[in-house]
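Novice: File follows, target.pdb with PDB, C-alpha atoms:
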MODEL        1
ATOM      1  CA  MET A1382     -87.288-130.878-144.733
ATOM      2  CA  MET A1383     -84.439-130.192-142.392
ATOM      3  CA  LYS A1384     -85.169-127.969-139.483
ATOM      4  CA  LYS A1385     -83.015-124.949-139.109
ATOM      5  CA  ALA A1386     -80.680-125.153-136.195
ATOM      6  CA  ARG A1387     -81.768-122.908-133.382
ATOM      7  CA  ALA A1388     -79.491-120.019-132.664
ATOM      8  CA  ALA A1389     -77.676-120.584-129.438
ATOM      9  CA  ARG A1390     -79.149-118.462-126.644
ATOM     10  CA  PRO A1391     -76.623-116.143-125.038
ATOM     11  CA  GLN A1392     -75.410-117.587-121.799
ATOM     12  CA  VAL A1393     -74.802-115.518-118.703
ATOM     13  CA  GLN A1394     -71.307-116.066-117.447
ATOM     14  CA  SER A1395     -70.943-118.565-114.677
ATOM     15  CA  ASN A1396     -70.320-117.245-111.208
ATOM     16  CA  ALA A1397     -66.713-118.203-110.852
ATOM     17  CA  ALA A1398     -66.350-115.970-107.805
ATOM     18  CA  PHE A1399     -69.219-117.679-105.985
ATOM     19  CA  ALA A1400     -67.575-119.892-103.399
ATOM     20  CA  PRO A1401     -69.815-120.209-100.338
ATOM     21  CA  GLN A1402     -68.818-122.035 -97.194
ATOM     22  CA  PRO A1403     -71.186-124.492 -95.479
ATOM     23  CA  ILE A1404     -73.382-122.794 -92.903
ATOM     24  CA  THR A1405     -72.329-123.659 -89.350
ATOM     25  CA  GLY A1406     -73.223-120.652 -87.151
ATOM     26  CA  SER A1407     -75.812-120.344 -84.381
ATOM     27  CA  LYS A1408     -78.369-118.204 -86.236
ATOM     28  CA  THR A1409     -81.125-119.751 -88.343
ATOM     29  CA  LEU A1410     -80.060-121.132 -91.714
ATOM     30  CA  ALA A1411     -82.140-118.525 -93.543
ATOM     31  CA  ASP A1412     -80.556-115.708 -91.505
ATOM     32  CA  GLN A1413     -77.047-116.930 -92.261
ATOM     33  CA  VAL A1414     -77.607-117.539 -95.958
ATOM     34  CA  THR A1415     -79.281-114.129 -96.293
ATOM     35  CA  ALA A1416     -76.319-112.442 -94.586
ATOM     36  CA  ALA A1417     -73.819-114.316 -96.758
ATOM     37  CA  LEU A1418     -75.627-113.464 -99.997
ATOM     38  CA  PHE A1419     -76.048-109.856 -98.861
ATOM     39  CA  GLN A1420     -72.282-109.543 -98.437
ATOM     40  CA  LYS A1421     -71.663-111.093-101.853
ATOM     41  CA  VAL A1422     -74.173-108.781-103.538
ATOM     42  CA  GLN A1423     -72.613-105.756-101.872
ATOM     43  CA  GLY A1424     -69.166-106.990-102.885
ATOM     44  CA  ASN A1425     -70.161-107.333-106.555
ATOM     45  CA  GLU A1426     -69.221-111.019-106.544
ATOM     46  CA  PHE A1427     -71.863-112.112-109.047
ATOM     47  CA  GLU A1428     -70.639-111.911-112.624
ATOM     48  CA  GLY A1429     -73.248-110.650-115.070
ATOM     49  CA  SER A1430     -75.374-109.601-112.055
ATOM     50  CA  ARG A1431     -77.014-113.030-112.012
ATOM     51  CA  LEU A1432     -77.077-115.203-108.919
ATOM     52  CA  PRO A1433     -76.291-118.929-109.251
ATOM     53  CA  SER A1434     -79.190-121.352-109.505
ATOM     54  CA  GLU A1435     -81.093-122.377-106.384
ATOM     55  CA  GLN A1436     -79.575-125.842-106.674
ATOM     56  CA  ALA A1437     -76.019-124.508-106.941
ATOM     57  CA  MET A1438     -76.493-122.252-103.930
ATOM     58  CA  ALA A1439     -78.174-125.002-101.904
ATOM     59  CA  GLU A1440     -75.250-127.342-102.581
ATOM     60  CA  GLY A1441     -72.683-124.625-101.940
ATOM     61  CA  PHE A1442     -74.148-123.583 -98.575
ATOM     62  CA  GLY A1443     -75.136-127.109 -97.603
ATOM     63  CA  VAL A1444     -78.798-126.205 -97.065
ATOM     64  CA  SER A1445     -82.130-127.014 -98.677
ATOM     65  CA  ARG A1446     -83.567-125.114-101.630
ATOM     66  CA  THR A1447     -86.348-123.939 -99.293
ATOM     67  CA  VAL A1448     -83.760-122.046 -97.251
ATOM     68  CA  ILE A1449     -82.330-120.530-100.430
ATOM     69  CA  ARG A1450     -85.801-119.409-101.540
ATOM     70  CA  GLU A1451     -86.368-117.751 -98.152
ATOM     71  CA  ALA A1452     -83.046-115.891 -98.398
ATOM     72  CA  ILE A1453     -83.810-114.779-101.952
ATOM     73  CA  SER A1454     -87.246-113.587-100.841
ATOM     74  CA  ARG A1455     -85.697-111.473 -98.085
ATOM     75  CA  LEU A1456     -83.140-109.914-100.401
ATOM     76  CA  LYS A1457     -85.882-109.152-102.897
ATOM     77  CA  ALA A1458     -87.967-107.496-100.169
ATOM     78  CA  GLU A1459     -84.992-105.309 -99.307
ATOM     79  CA  GLY A1460     -84.681-104.186-102.917
ATOM     80  CA  LEU A1461     -81.324-105.829-103.551
ATOM     81  CA  ILE A1462     -82.396-108.301-106.222
ATOM     82  CA  ASP A1463     -85.167-109.008-108.713
ATOM     83  CA  THR A1464     -86.402-112.414-109.783
ATOM     84  CA  LYS A1465     -87.530-113.274-113.309
ATOM     85  CA  GLN A1466     -89.729-116.251-114.035
ATOM     86  CA  GLY A1467     -87.689-119.030-115.554
ATOM     87  CA  ARG A1468     -84.470-116.986-115.532
ATOM     88  CA  GLY A1469     -83.504-116.812-111.878
ATOM     89  CA  ALA A1470     -82.461-113.963-109.594
ATOM     90  CA  PHE A1471     -80.553-110.858-110.665
ATOM     91  CA  VAL A1472     -78.806-108.114-108.710
ATOM     92  CA  ARG A1473     -80.617-104.831-109.136
ATOM     93  CA  ALA A1474     -78.599-102.134-110.855
ATOM     94  CA  ASP A1475     -80.610 -99.390-109.128
ATOM     95  CA  GLN A1476     -80.446 -99.857-105.370
ATOM     96  CA  LEU A1477     -81.254 -96.344-104.173
ATOM     97  CA  ASP A1478     -84.166 -97.607-102.101
ATOM     98  CA  VAL A1479     -82.200-100.367-100.354
ATOM     99  CA  PRO A1480     -82.490 -99.886 -96.563
ATOM    100  CA  TYR A1481     -79.363 -99.449 -94.475
ATOM    101  CA  ARG A1482     -78.684-102.458 -92.255
ATOM    102  CA  ILE A1483     -76.879-102.910 -88.978
ATOM    103  CA  ASP A1484     -76.497-106.494 -87.809
ATOM    104  CA  LEU A1485     -75.022-107.816 -84.594
ATOM    105  CA  ASN A1486     -72.549-110.558 -85.467
ATOM    106  CA  SER A1487     -73.508-113.474 -83.215
ATOM    107  CA  ASP A1488     -69.960-114.830 -83.520
ATOM    108  CA  ASP A1489     -68.433-111.532 -82.329
ATOM    109  CA  VAL A1490     -71.047-109.665 -80.294
ATOM    110  CA  LEU A1491     -68.421-107.641 -78.432
ATOM    111  CA  GLY A1492     -66.858-106.444 -81.684
ATOM    112  CA  SER A1493     -70.269-105.570 -83.128
ATOM    113  CA  LEU A1494     -71.229-103.562 -80.058
ATOM    114  CA  LEU A1495     -67.938-101.680 -80.106
ATOM    115  CA  TYR A1496     -68.499-100.775 -83.766
ATOM    116  CA  ILE A1497     -71.948 -99.408 -82.910
ATOM    117  CA  ILE A1498     -70.585 -97.395 -79.999
ATOM    118  CA  GLU A1499     -67.841 -96.043 -82.266
ATOM    119  CA  LEU A1500     -70.519 -94.952 -84.729
ATOM    120  CA  ARG A1501     -72.415 -93.249 -81.936
ATOM    121  CA  ARG A1502     -69.261 -91.497 -80.722
ATOM    122  CA  GLY A1503     -68.964 -89.273 -83.768
ATOM    123  CA  LEU A1504     -72.704 -88.836 -84.257
ATOM    124  CA  ASP A1505     -73.475 -87.939 -80.645
ATOM    125  CA  ALA A1506     -70.598 -85.462 -80.464
ATOM    126  CA  GLU A1507     -71.913 -83.538 -83.467
ATOM    127  CA  ILE A1508     -75.482 -83.648 -82.172
ATOM    128  CA  ALA A1509     -74.388 -82.326 -78.775
ATOM    129  CA  THR A1510     -72.386 -79.545 -80.442
ATOM    130  CA  LEU A1511     -75.346 -78.316 -82.462
ATOM    131  CA  ALA A1512     -77.733 -78.710 -79.538
ATOM    132  CA  ALA A1513     -75.523 -76.478 -77.391
ATOM    133  CA  GLN A1514     -75.472 -73.854 -80.127
ATOM    134  CA  ARG A1515     -79.164 -73.904 -81.007
ATOM    135  CA  ARG A1516     -81.213 -75.203 -78.095
ATOM    136  CA  LYS A1517     -84.235 -73.216 -76.937
ATOM    137  CA  ARG A1518     -85.573 -72.967 -73.417
ATOM    138  CA  GLU A1519     -88.343 -75.507 -74.029
ATOM    139  CA  GLN A1520     -85.869 -77.945 -75.610
ATOM    140  CA  MET A1521     -83.589 -77.684 -72.597
ATOM    141  CA  ALA A1522     -86.575 -78.408 -70.376
ATOM    142  CA  ALA A1523     -87.270 -81.534 -72.450
ATOM    143  CA  ILE A1524     -83.669 -82.712 -71.984
ATOM    144  CA  ARG A1525     -83.970 -82.219 -68.226
ATOM    145  CA  ARG A1526     -87.263 -84.144 -68.161
ATOM    146  CA  ALA A1527     -85.620 -86.981 -70.079
ATOM    147  CA  LEU A1528     -82.831 -87.128 -67.505
ATOM    148  CA  ALA A1529     -85.398 -87.265 -64.706
ATOM    149  CA  GLU A1530     -87.200 -90.102 -66.462
ATOM    150  CA  ILE A1531     -83.993 -92.170 -66.470
ATOM    151  CA  ASP A1532     -83.662 -91.649 -62.711
ATOM    152  CA  ARG A1533     -87.319 -92.553 -62.172
ATOM    153  CA  ALA A1534     -87.041 -95.740 -64.213
ATOM    154  CA  ARG A1535     -83.927 -96.893 -62.411
ATOM    155  CA  LYS A1536     -85.428 -96.222 -58.978
ATOM    156  CA  GLU A1537     -88.456 -98.307 -59.942
ATOM    157  CA  GLY A1538     -86.241-101.214 -60.991
ATOM    158  CA  GLU A1539     -86.779-100.818 -64.734
ATOM    159  CA  ASP A1540     -84.008-101.265 -67.294
ATOM    160  CA  ALA A1541     -84.281 -97.578 -68.424
ATOM    161  CA  VAL A1542     -83.390 -98.533 -72.011
ATOM    162  CA  ALA A1543     -86.285 -96.586 -73.549
ATOM    163  CA  GLU A1544     -85.556 -93.643 -71.275
ATOM    164  CA  ASP A1545     -81.873 -93.664 -72.224
ATOM    165  CA  LEU A1546     -82.732 -93.589 -75.913
ATOM    166  CA  ALA A1547     -85.315 -90.837 -75.289
ATOM    167  CA  PHE A1548     -82.666 -88.702 -73.561
ATOM    168  CA  HIS A1549     -80.396 -88.797 -76.591
ATOM    169  CA  LEU A1550     -83.378 -88.183 -78.870
ATOM    170  CA  SER A1551     -84.289 -85.059 -76.881
ATOM    171  CA  ILE A1552     -80.789 -83.719 -77.545
ATOM    172  CA  ALA A1553     -81.195 -84.470 -81.256
ATOM    173  CA  HIS A1554     -84.398 -82.414 -81.309
ATOM    174  CA  ALA A1555     -82.489 -79.491 -79.824
ATOM    175  CA  THR A1556     -80.252 -79.325 -82.913
ATOM    176  CA  ALA A1557     -83.206 -77.886 -84.879
ATOM    177  CA  ASN A1558     -82.190 -80.239 -87.701
ATOM    178  CA  PRO A1559     -85.065 -82.707 -88.266
ATOM    179  CA  LEU A1560     -82.721 -85.211 -89.917
ATOM    180  CA  PHE A1561     -80.893 -85.948 -86.655
ATOM    181  CA  PRO A1562     -83.995 -87.199 -84.778
ATOM    182  CA  GLU A1563     -84.992 -89.207 -87.852
ATOM    183  CA  LEU A1564     -81.540 -90.772 -88.040
ATOM    184  CA  LEU A1565     -81.543 -91.608 -84.332
ATOM    185  CA  ARG A1566     -85.007 -93.161 -84.562
ATOM    186  CA  PHE A1567     -83.738 -95.346 -87.385
ATOM    187  CA  LEU A1568     -80.555 -96.298 -85.532
ATOM    188  CA  ASN A1569     -82.489 -96.975 -82.324
ATOM    189  CA  LYS A1570     -84.088-100.010 -83.988
ATOM    190  CA  PHE A1571     -80.621-101.538 -84.132
ATOM    191  CA  LEU A1572     -79.125 -99.886 -81.044
ATOM    192  CA  VAL A1573     -81.708-101.154 -78.578
ATOM    193  CA  VAL A1574     -79.792-104.419 -78.056
ATOM    194  CA  ALA A1575     -76.557-102.473 -77.617
ATOM    195  CA  VAL A1576     -78.191-100.222 -75.021
ATOM    196  CA  LYS A1577     -79.678-103.263 -73.260
ATOM    197  CA  VAL A1578     -76.238-104.813 -73.059
ATOM    198  CA  THR A1579     -74.507-101.660 -71.844
ATOM    199  CA  ARG A1580     -77.203-101.012 -69.246
ATOM    200  CA  ALA A1581     -77.228-104.614 -68.034
ATOM    201  CA  ASN A1582     -73.458-104.562 -67.691
ATOM    202  CA  GLU A1583     -73.556-101.192 -65.908
ATOM    203  CA  ASP A1584     -76.234-102.453 -63.511
ATOM    204  CA  ARG A1585     -73.849-105.170 -62.338
ATOM    205  CA  ARG A1586     -71.562-102.583 -60.740
ATOM    206  CA  ALA A1587     -72.811 -99.593 -58.778
ATOM    207  CA  GLU A1588     -69.865 -97.398 -59.793
ATOM    208  CA  PHE A1589     -70.744 -97.908 -63.452
ATOM    209  CA  ALA A1590     -74.300 -96.700 -62.866
ATOM    210  CA  ARG A1591     -72.971 -93.602 -61.110
ATOM    211  CA  GLN A1592     -70.557 -92.941 -63.964
ATOM    212  CA  VAL A1593     -73.334 -93.101 -66.554
ATOM    213  CA  ARG A1594     -75.509 -90.679 -64.588
ATOM    214  CA  THR A1595     -72.583 -88.280 -64.176
ATOM    215  CA  GLU A1596     -71.801 -88.455 -67.901
ATOM    216  CA  HIS A1597     -75.416 -87.775 -68.863
ATOM    217  CA  MET A1598     -75.544 -84.809 -66.512
ATOM    218  CA  ALA A1599     -72.292 -83.428 -67.970
ATOM    219  CA  ILE A1600     -73.755 -83.524 -71.485
ATOM    220  CA  ALA A1601     -76.943 -81.810 -70.354
ATOM    221  CA  ALA A1602     -75.068 -79.179 -68.337
ATOM    222  CA  ALA A1603     -72.827 -78.242 -71.278
ATOM    223  CA  ILE A1604     -75.852 -77.901 -73.546
ATOM    224  CA  GLU A1605     -77.647 -75.801 -70.937
ATOM    225  CA  ARG A1606     -74.791 -73.311 -70.653
ATOM    226  CA  GLN A1607     -74.483 -73.384 -74.453
ATOM    227  CA  ASP A1608     -70.890 -74.578 -74.534
ATOM    228  CA  PRO A1609     -70.581 -76.576 -77.799
ATOM    229  CA  GLU A1610     -66.990 -77.694 -77.226
ATOM    230  CA  ALA A1611     -67.735 -79.019 -73.755
ATOM    231  CA  ALA A1612     -70.926 -80.675 -75.007
ATOM    232  CA  ALA A1613     -69.038 -82.490 -77.778
ATOM    233  CA  THR A1614     -66.329 -83.594 -75.355
ATOM    234  CA  ALA A1615     -68.881 -84.846 -72.826
ATOM    235  CA  ALA A1616     -70.800 -86.786 -75.497
ATOM    236  CA  LYS A1617     -67.642 -88.328 -76.913
ATOM    237  CA  THR A1618     -66.360 -89.202 -73.427
ATOM    238  CA  HIS A1619     -69.679 -90.902 -72.653
ATOM    239  CA  MET A1620     -69.286 -93.188 -75.669
ATOM    240  CA  ILE A1621     -65.604 -93.884 -74.993
ATOM    241  CA  ASN A1622     -66.419 -94.858 -71.412
ATOM    242  CA  ALA A1623     -69.373 -96.969 -72.569
ATOM    243  CA  ALA A1624     -66.975 -98.975 -74.736
ATOM    244  CA  GLU A1625     -64.597 -99.461 -71.817
ATOM    245  CA  ARG A1626     -67.433-100.594 -69.563
ATOM    246  CA  ILE A1627     -68.547-103.110 -72.174
ATOM    247  CA  LYS A1628     -65.016-104.486 -72.522
ATOM    248  CA  SER A1629     -64.818-104.976 -68.758
ATOM    249  CA  ALA A1630     -67.777-107.392 -68.653
ATOM    250  CA  ASP A1631     -66.861-110.825 -67.315
ATOM    251  CA  ALA A1632     -67.258-114.174 -69.046
ATOM    252  CA  LYS A1633     -70.485-114.977 -67.191
ATOM    253  CA  PHE A1634     -72.128-111.854 -68.574
ATOM    254  CA  TRP A1635     -71.369-112.825 -72.181
ATOM    255  CA  ALA A1636     -72.236-116.498 -71.689
ATOM    256  CA  VAL A1637     -75.392-116.229 -69.540
ATOM    257  CA  GLU A1638     -76.992-112.790 -69.626
ATOM    258  CA  LEU A1639     -76.260-111.689 -73.193
ATOM    259  CA  PRO A1640     -78.225-114.511 -74.897
ATOM    260  CA  GLN A1641     -81.215-113.568 -72.751
ATOM    261  CA  LEU A1642     -80.935-109.874 -73.632
ATOM    262  CA  SER A1643     -80.854-110.660 -77.346
ATOM    263  CA  LYS A1644     -84.324-112.194 -77.234
ATOM    264  CA  PRO A1645     -87.284-110.010 -78.335
ATOM    265  CA  GLY A1646     -88.824-108.173 -75.391
ATOM    266  CA  ALA A1647     -85.941-109.001 -73.053
ATOM    267  CA  LYS A1648     -85.097-106.400 -70.447
ATOM    268  CA  ALA A1649     -81.861-105.527 -68.731
ATOM    269  CA  LYS A1650     -81.744-105.904 -64.993
ATOM    270  CA  GLY A1651     -82.877-102.793 -63.193
ATOM    271  CA  ASP A1652     -82.077-101.065 -59.921
ATOM    272  CA  SER A1653     -83.542-103.874 -57.864
ATOM    273  CA  ALA A1654     -80.401-105.852 -58.746
ATOM    274  CA  ARG A1655     -78.034-102.941 -59.045
ATOM    275  CA  THR A1656     -78.661-101.335 -55.645
ATOM    276  CA  LYS A1657     -77.860-104.455 -53.667
ATOM    277  CA  PRO A1658     -74.480-104.476 -51.899
ATOM    278  CA  THR A1659     -71.630-105.098 -54.308
ATOM    279  CA  SER A1660     -69.118-106.382 -51.754
ATOM    280  CA  ARG A1661     -70.023-110.010 -52.483
ATOM    281  CA  PRO A1662     -68.769-110.647 -56.025
ATOM    282  CA  THR A1663     -69.596-114.354 -55.862
ATOM    283  CA  ARG A1664     -73.339-113.938 -55.358
ATOM    284  CA  SER A1665     -75.473-115.525 -58.038
ATOM    285  CA  LYS A1666     -77.050-113.361 -60.719
ATOM    286  CA  THR A1667     -78.828-115.777 -62.942
ATOM    287  CA  SER A1668     -80.468-114.720 -66.145
ATOM    288  CA  ARG A1669     -84.199-114.057 -66.177
TER
ENDMDL
END
For the structure just supplied, provide its representation as structure tokens.
Specialist:
Amino acid sequence: MMKKARAARPQVQSNAAFAPQPITGSKTLADQVTAALFQKVQGNEFEGSRLPSEQAMAEGFGVSRTVIREAISRLKAEGLIDTKQGRGAFVRADQLDVPYRIDLNSDDVLGSLLYIIELRRGLDAEIATLAAQRRKREQMAAIRRALAEIDRARKEGEDAVAEDLAFHLSIAHATANPLFPELLRFLNKFLVVAVKVTRANEDRRAEFARQVRTEHMAIAAAIERQDPEAAATAAKTHMINAAERIKSADAKFWAVELPQLSKPGAKAKGDSARTKPTSRPTRSKTSR
């Protein structure tokens, strides 16, 4: 008796748009493959919502299948894709719970930092505006205490990164909108490296440190006298100047100090380095 021919199973379209480049950057292979696949998922590059096979992706990226599995696992944890036994990985149609990501591009750290500062420019201006309009006496006292904590940290030779972030968070609380502090807390997880870099760069030149203190005081003063326009201008100016200070960093800073600052737990140089005489530009400032 002849067996009936099996009906052909519907085939998902091949991923003609999938054209990865071999991984050659300085981050781990899993980090780079994850970032590349993330961009492709966000760009709707996978036809039929199905990712290529592990083997195809491993060959395309020039990595092992173990690296591909790690990248897939990360994307699944972030809610971007689902995996189905025996069928592969699929892009999720519902991605409402996908967390927002901010990544520093290791191949263009300066550009990444400037993007973050640009983001802060608009956000901080609006926060300062609302804080000036709505702040209460106790909230103003908290802003002043936060300013004092920055001064204390710098005098004790600390990097003042946490204190800097706390100052801006105290202003967010003064808006009386609970979403602003929540948003800043979320962004702070990604901004901490940016603040480390800006503070480390500012600590290399005494005039930069003075500028930052003056800018912080201008923001606080405008909020205290409840001048929303001046508060917004001061906050925006602070971010504009921060970008200019970052762009002025020399090659040694980017080549030697930045890699150290990017490591977990790394701290920017504090006042012990900053308060030394600045008339000898050739003195050594090796990374710690």
Novice: Pick from A:Ala1623, A:Leu1565, A:Ala1612, A:Ala1411: nearest to Val1448 in chain A, with all atoms listed in the file counted?
Specialist: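 Distance minimum relative to Val1448 in chain A lands on A:Ala1411.
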Novice: Applying the PyMOL selection byres ((chain A and resi 1415) around 12) to the file I just gave you, which residues come out? Please list them as a PDB file with C-alpha atoms, keeping the file's coordinate frame.
Specialist:
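Ended up saving to part00.pdb:
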ATOM      1  CA  PRO A1401     -69.815-120.209-100.338  1.00  0.00           C
ATOM      2  CA  ILE A1404     -73.382-122.794 -92.903  1.00  0.00           C
ATOM      3  CA  LYS A1408     -78.369-118.204 -86.236  1.00  0.00           C
ATOM      4  CA  THR A1409     -81.125-119.751 -88.343  1.00  0.00           C
ATOM      5  CA  LEU A1410     -80.060-121.132 -91.714  1.00  0.00           C
ATOM      6  CA  ALA A1411     -82.140-118.525 -93.543  1.00  0.00           C
ATOM      7  CA  ASP A1412     -80.556-115.708 -91.505  1.00  0.00           C
ATOM      8  CA  GLN A1413     -77.047-116.930 -92.261  1.00  0.00           C
ATOM      9  CA  VAL A1414     -77.607-117.539 -95.958  1.00  0.00           C
ATOM     10  CA  ALA A1416     -76.319-112.442 -94.586  1.00  0.00           C
ATOM     11  CA  ALA A1417     -73.819-114.316 -96.758  1.00  0.00           C
ATOM     12  CA  LEU A1418     -75.627-113.464 -99.997  1.00  0.00           C
ATOM     13  CA  PHE A1419     -76.048-109.856 -98.861  1.00  0.00           C
ATOM     14  CA  GLN A1420     -72.282-109.543 -98.437  1.00  0.00           C
ATOM     15  CA  LYS A1421     -71.663-111.093-101.853  1.00  0.00           C
ATOM     16  CA  VAL A1422     -74.173-108.781-103.538  1.00  0.00           C
ATOM     17  CA  MET A1438     -76.493-122.252-103.930  1.00  0.00           C
ATOM     18  CA  PHE A1442     -74.148-123.583 -98.575  1.00  0.00           C
ATOM     19  CA  VAL A1448     -83.760-122.046 -97.251  1.00  0.00           C
ATOM     20  CA  ILE A1449     -82.330-120.530-100.430  1.00  0.00           C
ATOM     21  CA  ARG A1450     -85.801-119.409-101.540  1.00  0.00           C
ATOM     22  CA  GLU A1451     -86.368-117.751 -98.152  1.00  0.00           C
ATOM     23  CA  ALA A1452     -83.046-115.891 -98.398  1.00  0.00           C
ATOM     24  CA  ILE A1453     -83.810-114.779-101.952  1.00  0.00           C
ATOM     25  CA  SER A1454     -87.246-113.587-100.841  1.00  0.00           C
ATOM     26  CA  ARG A1455     -85.697-111.473 -98.085  1.00  0.00           C
ATOM     27  CA  LEU A1456     -83.140-109.914-100.401  1.00  0.00           C
ATOM     28  CA  LYS A1457     -85.882-109.152-102.897  1.00  0.00           C
ATOM     29  CA  ALA A1458     -87.967-107.496-100.169  1.00  0.00           C
ATOM     30  CA  GLU A1459     -84.992-105.309 -99.307  1.00  0.00           C
ATOM     31  CA  LEU A1461     -81.324-105.829-103.551  1.00  0.00           C
ATOM     32  CA  ILE A1462     -82.396-108.301-106.222  1.00  0.00           C
ATOM     33  CA  ASP A1484     -76.497-106.494 -87.809  1.00  0.00           C
TER      34      ASP A1484
END
Novice: Translate the PyMOL selection byres ((chain A and resi 1554) around 12), as applied to the file shown, into an explicit residue set as a ChimeraX atom specification.
Specialist: /A:1508-1509,1511-1513,1515-1517,1519-1524,1547-1553,1555-1566
Novice: Please dump the current selection as a PDB file, in the frame of the given file; keep C-alpha atoms.
Specialist:
ATOM      1  CA  ILE A1508     -75.482 -83.648 -82.172  1.00  0.00           C
ATOM      2  CA  ALA A1509     -74.388 -82.326 -78.775  1.00  0.00           C
ATOM      3  CA  LEU A1511     -75.346 -78.316 -82.462  1.00  0.00           C
ATOM      4  CA  ALA A1512     -77.733 -78.710 -79.538  1.00  0.00           C
ATOM      5  CA  ALA A1513     -75.523 -76.478 -77.391  1.00  0.00           C
ATOM      6  CA  ARG A1515     -79.164 -73.904 -81.007  1.00  0.00           C
ATOM      7  CA  ARG A1516     -81.213 -75.203 -78.095  1.00  0.00           C
ATOM      8  CA  LYS A1517     -84.235 -73.216 -76.937  1.00  0.00           C
ATOM      9  CA  GLU A1519     -88.343 -75.507 -74.029  1.00  0.00           C
ATOM     10  CA  GLN A1520     -85.869 -77.945 -75.610  1.00  0.00           C
ATOM     11  CA  MET A1521     -83.589 -77.684 -72.597  1.00  0.00           C
ATOM     12  CA  ALA A1522     -86.575 -78.408 -70.376  1.00  0.00           C
ATOM     13  CA  ALA A1523     -87.270 -81.534 -72.450  1.00  0.00           C
ATOM     14  CA  ILE A1524     -83.669 -82.712 -71.984  1.00  0.00           C
ATOM     15  CA  ALA A1547     -85.315 -90.837 -75.289  1.00  0.00           C
ATOM     16  CA  PHE A1548     -82.666 -88.702 -73.561  1.00  0.00           C
ATOM     17  CA  HIS A1549     -80.396 -88.797 -76.591  1.00  0.00           C
ATOM     18  CA  LEU A1550     -83.378 -88.183 -78.870  1.00  0.00           C
ATOM     19  CA  SER A1551     -84.289 -85.059 -76.881  1.00  0.00           C
ATOM     20  CA  ILE A1552     -80.789 -83.719 -77.545  1.00  0.00           C
ATOM     21  CA  ALA A1553     -81.195 -84.470 -81.256  1.00  0.00           C
ATOM     22  CA  ALA A1555     -82.489 -79.491 -79.824  1.00  0.00           C
ATOM     23  CA  THR A1556     -80.252 -79.325 -82.913  1.00  0.00           C
ATOM     24  CA  ALA A1557     -83.206 -77.886 -84.879  1.00  0.00           C
ATOM     25  CA  ASN A1558     -82.190 -80.239 -87.701  1.00  0.00           C
ATOM     26  CA  PRO A1559     -85.065 -82.707 -88.266  1.00  0.00           C
ATOM     27  CA  LEU A1560     -82.721 -85.211 -89.917  1.00  0.00           C
ATOM     28  CA  PHE A1561     -80.893 -85.948 -86.655  1.00  0.00           C
ATOM     29  CA  PRO A1562     -83.995 -87.199 -84.778  1.00  0.00           C
ATOM     30  CA  GLU A1563     -84.992 -89.207 -87.852  1.00  0.00           C
ATOM     31  CA  LEU A1564     -81.540 -90.772 -88.040  1.00  0.00           C
ATOM     32  CA  LEU A1565     -81.543 -91.608 -84.332  1.00  0.00           C
ATOM     33  CA  ARG A1566     -85.007 -93.161 -84.562  1.00  0.00           C
TER      34      ARG A1566
END
Novice: Might you spell out which residues the PyMOL selection byres ((chain A and resi 1530) around 12) would select in the displayed file, as a list of chain:residue names?
Specialist: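 Written out, the selection comes to A:Ala1523, A:Ile1524, A:Arg1525, A:Arg1526, A:Ala1527, A:Leu1528, A:Ala1529, A:Ile1531, A:Asp1532, A:Arg1533, A:Ala1534, A:Arg1535, A:Lys1536, A:Glu1537, A:Glu1539, A:Asp1540, A:Ala1541, A:Val1542, A:Ala1543, A:Glu1544, A:Asp1545, A:Leu1546, A:Ala1547, A:Phe1548, A:Ser1551, A:Arg1594.
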Novice: Those selected residues, please, written with C-alpha atoms and delivered as a PDB file, in the frame of the given file.
Specialist:
ATOM      1  CA  ALA A1523     -87.270 -81.534 -72.450  1.00  0.00           C
ATOM      2  CA  ILE A1524     -83.669 -82.712 -71.984  1.00  0.00           C
ATOM      3  CA  ARG A1525     -83.970 -82.219 -68.226  1.00  0.00           C
ATOM      4  CA  ARG A1526     -87.263 -84.144 -68.161  1.00  0.00           C
ATOM      5  CA  ALA A1527     -85.620 -86.981 -70.079  1.00  0.00           C
ATOM      6  CA  LEU A1528     -82.831 -87.128 -67.505  1.00  0.00           C
ATOM      7  CA  ALA A1529     -85.398 -87.265 -64.706  1.00  0.00           C
ATOM      8  CA  ILE A1531     -83.993 -92.170 -66.470  1.00  0.00           C
ATOM      9  CA  ASP A1532     -83.662 -91.649 -62.711  1.00  0.00           C
ATOM     10  CA  ARG A1533     -87.319 -92.553 -62.172  1.00  0.00           C
ATOM     11  CA  ALA A1534     -87.041 -95.740 -64.213  1.00  0.00           C
ATOM     12  CA  ARG A1535     -83.927 -96.893 -62.411  1.00  0.00           C
ATOM     13  CA  LYS A1536     -85.428 -96.222 -58.978  1.00  0.00           C
ATOM     14  CA  GLU A1537     -88.456 -98.307 -59.942  1.00  0.00           C
ATOM     15  CA  GLU A1539     -86.779-100.818 -64.734  1.00  0.00           C
ATOM     16  CA  ASP A1540     -84.008-101.265 -67.294  1.00  0.00           C
ATOM     17  CA  ALA A1541     -84.281 -97.578 -68.424  1.00  0.00           C
ATOM     18  CA  VAL A1542     -83.390 -98.533 -72.011  1.00  0.00           C
ATOM     19  CA  ALA A1543     -86.285 -96.586 -73.549  1.00  0.00           C
ATOM     20  CA  GLU A1544     -85.556 -93.643 -71.275  1.00  0.00           C
ATOM     21  CA  ASP A1545     -81.873 -93.664 -72.224  1.00  0.00           C
ATOM     22  CA  LEU A1546     -82.732 -93.589 -75.913  1.00  0.00           C
ATOM     23  CA  ALA A1547     -85.315 -90.837 -75.289  1.00  0.00           C
ATOM     24  CA  PHE A1548     -82.666 -88.702 -73.561  1.00  0.00           C
ATOM     25  CA  SER A1551     -84.289 -85.059 -76.881  1.00  0.00           C
ATOM     26  CA  ARG A1594     -75.509 -90.679 -64.588  1.00  0.00           C
TER      27      ARG A1594
END
